[in-house]
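Source file: final05.txt. Holds: compact mmCIF, C-alpha atoms (C1' of nucleotides).
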```
# COMPACT_ATOMS: atom_id res chain seq x y z
CA MET A 260 148.08 221.67 163.10
CA GLN A 261 151.35 223.52 162.60
CA LYS A 262 154.37 222.33 160.68
CA ASN A 263 156.97 221.15 163.17
CA SER A 264 160.36 222.52 162.18
CA LEU A 265 162.00 219.17 162.91
CA MET A 266 159.86 217.39 160.35
CA THR A 267 160.23 217.38 156.61
CA THR A 268 157.42 218.97 154.61
CA ARG A 269 156.68 215.56 153.18
CA ASP A 270 156.16 214.02 156.61
CA THR A 271 154.10 216.99 157.76
CA ILE A 272 151.79 216.57 154.78
CA ILE A 273 151.35 212.90 155.61
CA GLN A 274 150.61 213.68 159.23
CA VAL A 275 147.95 216.25 158.33
CA ALA A 276 146.46 213.96 155.69
CA ASP A 277 146.27 211.17 158.24
CA HIS A 278 144.35 213.34 160.67
CA LEU A 279 142.00 214.55 157.97
CA ILE A 280 141.28 211.04 156.68
CA ARG A 281 140.50 209.81 160.16
CA ASP A 282 138.41 212.89 160.99
CA LYS A 283 136.46 213.41 157.75
CA GLY A 284 137.17 210.49 155.44
CA PHE A 285 139.30 210.19 152.32
CA ASN A 286 136.74 211.67 149.93
CA ALA A 287 135.92 214.65 152.14
CA PHE A 288 139.41 216.04 152.62
CA SER A 289 141.12 218.16 149.99
CA PHE A 290 144.58 219.41 149.15
CA LYS A 291 143.22 222.81 150.13
CA ASP A 292 142.64 221.57 153.69
CA ILE A 293 146.29 220.56 153.93
CA SER A 294 147.35 223.76 152.24
CA ILE A 295 145.63 225.83 154.91
CA ALA A 296 146.79 223.63 157.78
CA ILE A 297 150.50 223.90 157.02
CA GLY A 298 150.75 227.16 155.08
CA ILE A 299 151.79 225.88 151.69
CA LYS A 300 150.00 226.08 148.33
CA THR A 301 148.18 223.07 146.91
CA ALA A 302 150.51 222.99 143.91
CA SER A 303 153.43 222.46 146.27
CA ILE A 304 151.75 219.43 147.79
CA HIS A 305 151.64 217.88 144.32
CA TYR A 306 155.42 218.21 144.16
CA HIS A 307 155.68 215.79 147.10
CA PHE A 308 152.71 213.62 146.13
CA PRO A 309 151.73 213.73 142.44
CA THR A 310 148.24 212.36 143.12
CA LYS A 311 145.89 212.05 146.05
CA THR A 312 146.25 208.28 145.75
CA ASP A 313 150.01 208.60 146.28
CA LEU A 314 149.35 210.55 149.45
CA GLY A 315 146.84 207.97 150.62
CA ILE A 316 149.30 205.13 150.09
CA ALA A 317 152.06 206.99 151.92
CA THR A 318 149.69 207.64 154.82
CA ILE A 319 148.90 203.95 155.19
CA LYS A 320 152.58 203.04 154.91
CA GLY A 321 153.20 205.41 157.82
CA HIS A 322 150.73 203.44 159.91
CA ILE A 323 152.41 200.17 158.97
CA GLU A 324 155.80 201.55 160.01
CA ARG A 325 154.51 202.79 163.35
CA LEU A 326 152.79 199.48 163.97
CA GLU A 327 156.02 197.56 163.29
CA ALA A 328 157.92 199.95 165.57
CA LEU A 329 155.43 199.50 168.40
CA LYS A 330 155.52 195.76 167.98
CA ALA A 331 159.33 195.73 168.12
CA GLU A 332 159.39 198.04 171.12
CA LEU A 333 157.11 195.71 173.08
CA GLU A 334 158.74 192.50 171.93
CA ASN A 335 160.08 191.46 175.33
CA LYS A 336 157.15 192.71 177.39
CA SER A 337 154.30 190.69 178.83
CA PRO A 338 151.28 189.78 176.70
CA LEU A 339 149.14 192.13 178.78
CA THR A 340 151.52 195.02 178.19
CA LYS A 341 151.51 194.24 174.49
CA LEU A 342 147.73 194.21 174.36
CA GLU A 343 147.57 197.47 176.29
CA GLY A 344 150.06 198.86 173.79
CA PHE A 345 147.73 197.87 170.99
CA PHE A 346 144.79 199.46 172.78
CA SER A 347 146.81 202.66 173.29
CA ILE A 348 146.60 203.26 169.53
CA TYR A 349 142.83 203.45 169.83
CA SER A 350 142.96 205.50 173.02
CA ALA A 351 144.89 208.12 171.09
CA VAL A 352 142.39 207.93 168.23
CA LYS A 353 139.45 208.35 170.59
CA SER A 354 141.04 211.21 172.53
CA GLU A 355 140.74 213.28 169.35
CA ASN A 356 137.29 211.86 168.47
CA LYS A 357 138.73 210.54 165.25
CA VAL A 358 138.39 207.01 163.88
CA CYS A 359 140.75 204.19 162.97
CA ILE A 360 142.36 204.52 159.54
CA VAL A 361 141.30 200.98 158.68
CA GLY A 362 137.64 201.68 159.39
CA SER A 363 137.72 205.03 157.66
CA LEU A 364 139.18 203.64 154.44
CA ALA A 365 137.27 200.34 154.57
CA THR A 366 133.96 202.22 154.37
CA ASP A 367 135.32 204.15 151.37
CA LEU A 368 137.03 201.10 149.87
CA HIS A 369 135.02 200.98 146.66
CA THR A 370 135.87 204.60 145.84
CA VAL A 371 139.66 204.49 146.15
CA GLU A 372 142.21 203.23 143.66
CA GLU A 373 143.72 199.79 143.83
CA GLY A 374 147.02 200.99 145.31
CA ILE A 375 145.25 202.22 148.41
CA GLN A 376 143.13 199.08 148.66
CA LYS A 377 146.20 196.86 148.51
CA GLU A 378 148.16 198.82 151.09
CA LEU A 379 145.16 198.86 153.42
CA LYS A 380 144.84 195.10 153.18
CA VAL A 381 148.50 194.78 154.18
CA LEU A 382 147.90 196.96 157.23
CA ALA A 383 144.76 195.06 158.24
CA GLU A 384 146.55 191.72 157.94
CA LYS A 385 149.48 192.95 160.03
CA ILE A 386 147.17 194.15 162.78
CA LEU A 387 145.32 190.86 162.77
CA GLU A 388 148.55 188.84 162.84
CA TRP A 389 150.01 190.82 165.70
CA VAL A 390 146.94 190.64 167.93
CA THR A 391 146.61 186.92 167.16
CA GLU A 392 150.23 186.42 168.25
CA ILE A 393 149.70 188.41 171.45
CA LEU A 394 146.66 186.30 172.34
CA GLU A 395 148.44 183.03 171.54
CA GLU A 396 151.36 183.98 173.73
CA GLY A 397 149.04 185.16 176.48
CA LYS A 398 147.18 181.89 176.46
CA ALA A 399 150.36 179.81 176.48
CA LYS A 400 151.61 181.76 179.49
CA ASN A 401 148.25 181.65 181.28
CA ALA A 402 148.00 185.42 181.18
CA PHE A 403 144.81 185.22 179.14
CA ALA A 404 141.92 182.77 179.12
CA PHE A 405 139.53 182.40 176.20
CA GLN A 406 137.74 179.52 174.51
CA VAL A 407 137.88 180.27 170.79
CA ALA A 408 140.78 180.20 168.34
CA PRO A 409 143.29 183.03 168.85
CA ARG A 410 142.62 184.48 165.40
CA THR A 411 138.87 184.50 166.10
CA LYS A 412 139.41 186.17 169.47
CA ALA A 413 141.67 188.70 167.74
CA LEU A 414 138.90 189.49 165.26
CA LEU A 415 136.45 189.98 168.11
CA ILE A 416 138.76 192.37 169.94
CA ILE A 417 139.86 194.31 166.87
CA THR A 418 136.27 194.79 165.72
CA ASN A 419 135.37 196.03 169.22
CA MET A 420 138.10 198.68 168.98
CA LEU A 421 137.55 199.60 165.36
CA ALA A 422 133.83 200.15 165.80
CA ILE A 423 133.70 201.68 169.27
CA VAL A 424 135.67 204.71 168.10
CA GLN A 425 132.99 205.13 165.43
CA LEU A 426 129.92 204.25 167.51
CA SER A 427 130.92 206.31 170.54
CA ARG A 428 130.74 209.40 168.33
CA LEU A 429 127.00 208.72 168.49
CA THR A 430 126.45 207.24 171.94
CA LYS A 431 128.85 208.30 174.69
CA ALA A 432 132.55 209.05 174.39
CA ASP A 433 133.04 207.12 177.65
CA ASP A 434 131.87 203.93 175.97
CA PHE A 435 135.36 203.56 174.55
CA THR A 436 136.95 203.24 177.97
CA LEU A 437 134.14 200.98 179.11
CA LEU A 438 134.81 198.47 176.33
CA LYS A 439 138.57 198.64 176.63
CA GLU A 440 138.47 197.80 180.32
CA THR A 441 135.80 195.15 179.90
CA ILE A 442 137.85 193.33 177.27
CA ILE A 443 140.95 193.23 179.46
CA GLN A 444 138.92 192.11 182.47
CA GLU A 445 137.26 189.28 180.53
CA LEU A 446 140.61 187.99 179.25
CA LYS A 447 141.97 187.46 182.75
CA PRO A 448 141.96 183.81 183.84
CA LYS A 449 139.35 182.98 186.48
CA THR A 450 140.98 182.02 189.75
CA GLU A 451 138.81 179.26 191.14
CA MET B 152 119.07 198.56 140.51
CA GLN B 153 115.82 199.02 138.61
CA LYS B 154 112.82 201.02 139.72
CA ASN B 155 110.17 198.61 140.94
CA SER B 156 106.81 199.62 139.53
CA LEU B 157 105.15 199.02 142.89
CA MET B 158 107.34 201.59 144.61
CA THR B 159 107.00 205.35 144.49
CA THR B 160 109.83 207.26 142.87
CA ARG B 161 110.58 208.79 146.23
CA ASP B 162 111.05 205.39 147.87
CA THR B 163 113.11 204.13 144.96
CA ILE B 164 115.46 207.10 145.31
CA ILE B 165 115.85 206.39 149.01
CA GLN B 166 116.58 202.74 148.34
CA VAL B 167 119.26 203.53 145.77
CA ALA B 168 120.76 206.24 147.99
CA ASP B 169 120.91 203.77 150.87
CA HIS B 170 122.82 201.24 148.79
CA LEU B 171 125.20 203.90 147.49
CA ILE B 172 125.90 205.29 150.97
CA ARG B 173 126.65 201.83 152.32
CA ASP B 174 128.74 200.89 149.29
CA LYS B 175 130.74 204.09 148.69
CA GLY B 176 130.01 206.49 151.52
CA PHE B 177 127.91 209.65 151.71
CA ASN B 178 130.51 211.96 150.18
CA ALA B 179 131.32 209.66 147.27
CA PHE B 180 127.85 209.17 145.87
CA SER B 181 126.20 211.73 143.65
CA PHE B 182 122.75 212.59 142.34
CA LYS B 183 124.10 211.49 138.98
CA ASP B 184 124.65 207.97 140.35
CA ILE B 185 121.00 207.78 141.34
CA SER B 186 119.97 209.38 138.06
CA ILE B 187 121.70 206.62 136.09
CA ALA B 188 120.48 203.85 138.38
CA ILE B 189 116.79 204.62 138.07
CA GLY B 190 116.59 206.47 134.75
CA ILE B 191 115.57 209.91 135.92
CA LYS B 192 117.38 213.25 135.62
CA THR B 193 119.21 214.73 138.59
CA ALA B 194 116.91 217.77 138.59
CA SER B 195 113.95 215.45 139.16
CA ILE B 196 115.60 214.02 142.25
CA HIS B 197 115.77 217.52 143.69
CA TYR B 198 111.98 217.71 143.34
CA HIS B 199 111.67 214.85 145.85
CA PHE B 200 114.63 215.87 148.00
CA PRO B 201 115.62 219.54 147.78
CA THR B 202 119.09 218.86 149.21
CA LYS B 203 121.42 215.91 149.61
CA THR B 204 121.03 216.33 153.35
CA ASP B 205 117.27 215.84 153.03
CA LEU B 206 117.91 212.60 151.18
CA GLY B 207 120.38 211.48 153.82
CA ILE B 208 117.91 212.12 156.62
CA ALA B 209 115.13 210.26 154.80
CA THR B 210 117.48 207.31 154.26
CA ILE B 211 118.25 207.06 157.97
CA LYS B 212 114.55 207.41 158.84
CA GLY B 213 113.90 204.43 156.56
CA HIS B 214 116.37 202.37 158.60
CA ILE B 215 114.67 203.43 161.83
CA GLU B 216 111.28 202.38 160.46
CA ARG B 217 112.54 198.99 159.34
CA LEU B 218 114.23 198.45 162.69
CA GLU B 219 111.02 199.22 164.56
CA ALA B 220 109.10 196.90 162.23
CA LEU B 221 111.56 194.06 162.78
CA LYS B 222 111.45 194.59 166.52
CA ALA B 223 107.63 194.49 166.52
CA GLU B 224 107.59 191.41 164.29
CA LEU B 225 109.83 189.50 166.71
CA GLU B 226 108.18 190.75 169.87
CA ASN B 227 106.79 187.39 171.00
CA LYS B 228 109.73 185.27 169.85
CA SER B 229 112.56 183.88 171.95
CA PRO B 230 115.60 186.02 172.81
CA LEU B 231 117.74 183.84 170.53
CA THR B 232 115.35 184.36 167.61
CA LYS B 233 115.40 188.09 168.27
CA LEU B 234 119.18 188.18 168.32
CA GLU B 235 119.34 186.16 165.14
CA GLY B 236 116.87 188.63 163.65
CA PHE B 237 119.23 191.45 164.55
CA PHE B 238 122.17 189.58 163.03
CA SER B 239 120.17 188.99 159.85
CA ILE B 240 120.41 192.72 159.13
CA TYR B 241 124.19 192.38 158.98
CA SER B 242 124.05 189.13 157.03
CA ALA B 243 122.14 191.00 154.33
CA VAL B 244 124.68 193.84 154.44
CA LYS B 245 127.59 191.45 154.12
CA SER B 246 126.02 189.43 151.32
CA GLU B 247 126.35 192.54 149.17
CA ASN B 248 129.79 193.43 150.57
CA LYS B 249 128.38 196.72 151.78
CA VAL B 250 128.71 198.19 155.26
CA CYS B 251 126.33 199.21 158.02
CA ILE B 252 124.74 202.65 157.57
CA VAL B 253 125.79 203.60 161.10
CA GLY B 254 129.45 202.84 160.46
CA SER B 255 129.40 204.47 157.04
CA LEU B 256 127.97 207.73 158.33
CA ALA B 257 129.85 207.69 161.65
CA THR B 258 133.17 207.81 159.79
CA ASP B 259 131.84 210.76 157.75
CA LEU B 260 130.12 212.36 160.73
CA HIS B 261 132.17 215.56 160.77
CA THR B 262 131.36 216.27 157.12
CA VAL B 263 127.57 216.00 157.21
CA GLU B 264 125.03 218.55 158.38
CA GLU B 265 123.49 218.50 161.81
CA GLY B 266 120.20 217.02 160.62
CA ILE B 267 121.96 213.86 159.52
CA GLN B 268 124.03 213.69 162.68
CA LYS B 269 120.95 213.94 164.87
CA GLU B 270 118.97 211.32 162.97
CA LEU B 271 121.95 208.96 163.02
CA LYS B 272 122.24 209.31 166.77
CA VAL B 273 118.58 208.36 167.09
CA LEU B 274 119.17 205.22 165.02
CA ALA B 275 122.28 204.25 166.98
CA GLU B 276 120.48 204.67 170.29
CA LYS B 277 117.53 202.58 169.11
CA ILE B 278 119.83 199.77 168.01
CA LEU B 279 121.66 199.87 171.33
CA GLU B 280 118.42 199.89 173.31
CA TRP B 281 116.94 196.98 171.42
CA VAL B 282 120.00 194.73 171.68
CA THR B 283 120.31 195.61 175.36
CA GLU B 284 116.68 194.57 175.89
CA ILE B 285 117.20 191.30 174.02
CA LEU B 286 120.21 190.47 176.16
CA GLU B 287 118.42 191.38 179.40
CA GLU B 288 115.49 189.18 178.49
CA GLY B 289 117.78 186.36 177.43
CA LYS B 290 119.65 186.48 180.70
CA ALA B 291 116.44 186.56 182.76
CA LYS B 292 115.18 183.50 180.89
CA ASN B 293 118.52 181.68 181.09
CA ALA B 294 118.80 181.64 177.32
CA PHE B 295 122.01 183.66 177.47
CA ALA B 296 124.89 183.76 179.93
CA PHE B 297 127.31 186.67 180.23
CA GLN B 298 129.08 188.45 183.08
CA VAL B 299 128.97 192.14 182.21
CA ALA B 300 126.09 194.61 182.18
CA PRO B 301 123.58 194.02 179.36
CA ARG B 302 124.29 197.42 177.79
CA THR B 303 128.03 196.69 177.83
CA LYS B 304 127.48 193.28 176.25
CA ALA B 305 125.25 194.93 173.65
CA LEU B 306 128.05 197.38 172.81
CA LEU B 307 130.49 194.49 172.42
CA ILE B 308 128.17 192.58 170.09
CA ILE B 309 127.11 195.61 168.04
CA THR B 310 130.72 196.71 167.54
CA ASN B 311 131.60 193.17 166.43
CA MET B 312 128.90 193.34 163.75
CA LEU B 313 129.48 196.93 162.72
CA ALA B 314 133.20 196.45 162.22
CA ILE B 315 133.32 192.95 160.79
CA VAL B 316 131.36 194.03 157.72
CA GLN B 317 134.07 196.64 157.22
CA LEU B 318 137.11 194.59 158.20
CA SER B 319 136.10 191.50 156.22
CA ARG B 320 136.33 193.61 153.06
CA LEU B 321 140.07 193.44 153.76
CA THR B 322 140.59 190.03 155.36
CA LYS B 323 138.16 187.27 154.40
CA ALA B 324 134.46 187.57 153.61
CA ASP B 325 133.93 184.39 155.64
CA ASP B 326 135.10 186.16 158.78
CA PHE B 327 131.62 187.61 159.08
CA THR B 328 130.01 184.20 159.48
CA LEU B 329 132.79 183.13 161.81
CA LEU B 330 132.12 185.98 164.22
CA LYS B 331 128.35 185.71 164.04
CA GLU B 332 128.42 182.05 164.99
CA THR B 333 131.09 182.54 167.64
CA ILE B 334 129.04 185.24 169.37
CA ILE B 335 125.93 183.07 169.50
CA GLN B 336 127.93 180.09 170.75
CA GLU B 337 129.57 182.10 173.52
CA LEU B 338 126.23 183.45 174.73
CA LYS B 339 124.84 179.97 175.38
CA PRO B 340 124.82 178.99 179.06
CA LYS B 341 127.41 176.35 179.96
CA THR B 342 125.77 173.11 181.03
CA GLU B 343 127.93 171.80 183.86
C1' DG C 194 160.89 223.38 146.54
C1' DT C 195 157.37 226.78 146.31
C1' DC C 196 154.89 229.99 143.82
C1' DT C 197 150.95 232.04 140.38
C1' DA C 198 147.76 230.94 137.14
C1' DT C 199 144.77 228.06 135.01
C1' DA C 200 142.93 223.98 132.77
C1' DG C 201 139.37 220.60 133.02
C1' DC C 202 135.99 218.38 135.24
C1' DA C 203 132.17 217.05 138.46
C1' DG C 204 129.35 218.25 142.13
C1' DG C 205 124.79 220.29 144.21
C1' DA C 206 121.36 223.24 143.20
C1' DT C 207 117.91 226.39 140.61
C1' DA C 208 114.80 228.41 136.78
C1' DG C 209 111.46 227.71 133.86
C1' DA C 210 109.28 224.95 129.89
C1' DC C 211 106.26 221.03 129.26
C1' DG D 133 106.52 215.23 138.22
C1' DT D 134 110.07 215.32 134.85
C1' DC D 135 112.56 217.68 131.57
C1' DT D 136 116.56 220.98 129.43
C1' DA D 137 119.71 224.32 130.39
C1' DT D 138 122.63 226.61 133.27
C1' DC D 139 124.92 228.65 137.46
C1' DC D 140 128.38 228.46 140.76
C1' DT D 141 131.52 226.31 143.44
C1' DG D 142 135.21 223.27 144.61
C1' DC D 143 138.13 219.70 143.28
C1' DT D 144 142.60 217.34 141.30
C1' DA D 145 146.13 218.27 138.53
C1' DT D 146 149.50 220.73 135.33
C1' DA D 147 152.57 224.48 133.21
C1' DG D 148 155.95 227.39 133.84
C1' DA D 149 158.19 231.42 136.53
C1' DC D 150 161.15 232.18 140.47
```
Would you mind writing the file's structure down as C-alpha cells?
Amino acid sequence: MQKNSLMTTRDTIIQVADHLIRDKGFNAFSFKDISIAIGIKTASIHYHFPTKTDLGIATIKGHIERLEALKAELENKSPLTKLEGFFSIYSAVKSENKVCIVGSLATDLHTVEEGIQKELKVLAEKILEWVTEILEEGKAKNAFAFQVAPRTKALLIITNMLAIVQLSRLTKADDFTLLKETIIQELKPKTE
Amino acid sequence: MQKNSLMTTRDTIIQVADHLIRDKGFNAFSFKDISIAIGIKTASIHYHFPTKTDLGIATIKGHIERLEALKAELENKSPLTKLEGFFSIYSAVKSENKVCIVGSLATDLHTVEEGIQKELKVLAEKILEWVTEILEEGKAKNAFAFQVAPRTKALLIITNMLAIVQLSRLTKADDFTLLKETIIQELKPKTE
DNA sequence: GTCTATAGCAGGATAGAC
DNA sequence: GTCTATCCTGCTATAGAC
C-alpha cells in the first residue's frame, strides 16, 4: 500500500490500519507495519494517533461514515439495489481475502479498550438497522418474500456475510459468491 | 479455571488455551495467562508444548476429536436431534460469551503458522461435511425441507452460528437463541 | 509534522538445577 | 515434570531535536 498524494497522512494511516486489522487482527498488527507500508516512522504515527486505541476508534468511525454515505447514495434505489449495495461491501472484503471489521474486532472484543468496544457496537447497530429497513421496504413493495421478522431476517443475512468471508478462507473462496447469490435468489417472491 | 485432579496437566493446558483463544484470540493470550490459571510456571508449559503453535494445533485436534465423538454418539438419532446436537456446541460457546474456535482462528489466519492453518482447515471441512450429511438425511426422510443444495444450506446454517456468537457480543445476547430457533423452525416441512 | 533515540514492558523460548 | 533465571525480540509510547 502506497500513500496516495491526494490523501492526508492521517487518512492514509487509517486506511492501512483498516486493512491490517481486517487481514491480521487488531492485536497482530503494529505501528511498525504501518510505518513500513507508508514510509513514515512509528513515532510520527503517534503524532496523529496518540494511542493504538485512538487509531482503532478512528478506523471504526471511518467505516460508519462510509456506511452512512452508501446508505444515502442508495436512498432512492430499489430494495434489491440497496441489498446488492450492502453485499458489495463484503464482495470487496472477500476479493482481498480479508474479513469484515465487525467480525475481526468482535473476536478480539475482550482485549480492546472500552472506546473501541463502544464504537464497534455503534457500527454493528447501524448495519443491523439499515439491513432491517431494506428488508422491510422490500417486503412492503413485494420485492422480497420471507416469513420471519425483518430484524431476524437481517440477522440471518448479516451473519451469513460476516462468517462466509471468514469460513471461505478455510473452505473455498467461491463459497462467498455461492452464498451471496443464494440469499438473493431465496428472497425473491415465488410466482405461483 | 482450576486444574481438575482427574485430568493430566497436558489436557488442562489445552482446555485453558482453548478458552483463552475463544475469549481473547490466539495473539492476545499468553503462556503467562495459562500459568496463572492453573498454577504452573510458563517454563513448565513449554515442557508439554515446545511452542505456542504446538499448543494451538493440539487445541484444534481436541475440537476435532470432540466433534467426531459427538457425531458417533448421535449416529442413530433423528436428523433433528443431530442438528440440535450440532447447535448445542454453539449454545455452550454463547453461554460463556466466547466465540467459535473456527471464527476466532480464521480472523487471525494470516498471523499463525502453517500447522495451525492446516489443522483448522481439517476441522472446518469436517464440520461442513457433517452438517451437510445431517441435512441430506433430513431431506431424504422428510424431516427437513429446503430448496438449495445440502452443502449450500449447511454453509448458510454454519455461518449463522459462527457469526451470531460474534455479533451478539455487540447486539443482544438473546439474538443467539432467536436465530437458533428460527433456523430450526424454517427447516420444518410446511404441512399444507 | 517528522525525525532519532530510548524508555519500559511483555512476549516466547531456553538452560540447567532439583 | 516443575522450578529459577535469563535471553532476545518486538511492542507501545515518550522526549526532544530539526
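Interatomic distance, atom CA of B:Thr258 against atom CA of A:Arg281: 7.6 Å.
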Can I get the residues of chain A within 7 Å of chain B, each with the closest pair of atoms and their distance in Å to one decimal, using only C-alpha atoms, sorted chain first then ascending number, as a tab-separated table?
```
residue	atom	partner	partner_atom	distance
A:Asp282	CA	B:His261	CA	6.8
A:Lys283	CA	B:Asp259	CA	5.3
A:Gly284	CA	B:Asp259	CA	5.8
A:Asn286	CA	B:Asn178	CA	6.2
A:Ala287	CA	B:Asn178	CA	6.4
A:Val358	CA	B:Thr258	CA	6.7
A:Gly362	CA	B:Gln317	CA	6.5
A:Ser363	CA	B:Thr258	CA	5.7
A:Ala365	CA	B:Gln317	CA	5.6
A:Thr366	CA	B:Ser255	CA	5.7
A:Asp367	CA	B:Lys175	CA	5.3
A:His369	CA	B:Lys175	CA	5.7
A:Thr370	CA	B:Lys175	CA	5.9
A:Lys380	CA	B:Leu321	CA	5.1
A:Ala383	CA	B:Leu321	CA	6.7
A:Glu384	CA	B:Thr322	CA	6.7
A:Leu415	CA	B:Asn311	CA	6.0
A:Thr418	CA	B:Ala314	CA	4.9
A:Asn419	CA	B:Thr310	CA	5.0
A:Leu421	CA	B:Ala314	CA	6.2
A:Ala422	CA	B:Thr310	CA	5.0
A:Ile423	CA	B:Thr310	CA	6.0
A:Gln425	CA	B:Ala257	CA	5.5
A:Leu426	CA	B:Ala257	CA	6.8
A:Arg428	CA	B:Ala257	CA	7.0
A:Leu429	CA	B:Lys272	CA	5.1
A:Thr430	CA	B:Glu276	CA	6.7
```
Closest-contact table, chain C side, partner chain A, 12 Å, counting all atoms listed in the file, as CSV:
```
residue,atom,partner,partner_atom,distance
C:DG194,C1',A:Ser303,CA,7.5
C:DT195,C1',A:Ser303,CA,5.8
C:DC196,C1',A:Lys300,CA,7.7
C:DT197,C1',A:Ala302,CA,9.7
C:DA198,C1',A:Ala302,CA,10.8
C:DT199,C1',A:Ala302,CA,11.7
```
Quick one: residues within 12 Å of D:DA137, all atoms listed in the file, excluding same-chain residues fewer than 6 positions away - as a PyMOL selection string? (chain B and resi 194) or (chain C and resi 207-210)
Expected answer as a ChimeraX atom specification: chain D residues within 9 Å of chain A, all atoms listed in the file: /D:143-146
For atom CA of A:Ile393 and atom CA of A:Lys336, quote the distance in Å rounded to one decimal. 10.5 Å
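The coordinates place atom CA of A:Ile273 at 8.0 Å from atom CA of A:Gly321.
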Write out as a PyMOL selection string each polymer residue whose atoms come within 12 Å of B:Thr342, counting all atoms listed in the file; drop sequence neighbours fewer than 4 positions from it. chain B and resi 293-296
Cut-off 9 Å around (147.7, 207.6, 145.5) with all atoms listed in the file: residues as a list in words: Phe308, Pro309, Thr310, Lys311, Thr312, Asp313, Leu314, Gly315, Ile316, Ala317, Val371, Glu372, Glu373, Gly374 and Ile375 of chain A
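Distances from B:Lys339, B:Lys331, B:Ser186, B:Gly236 to D:DT134 were compared using only C-alpha atoms (C1' of nucleotides), and the smallest one belongs to B:Ser186.
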With all atoms listed in the file as the counted atoms, please give the residues lying no more than 12 Å from A:Lys330, apart from itself and same-chain residues fewer than 3 positions off, as a ChimeraX atom specification. /A:323-327,333-336,338,340-345,348,385-386,388-390,392-393
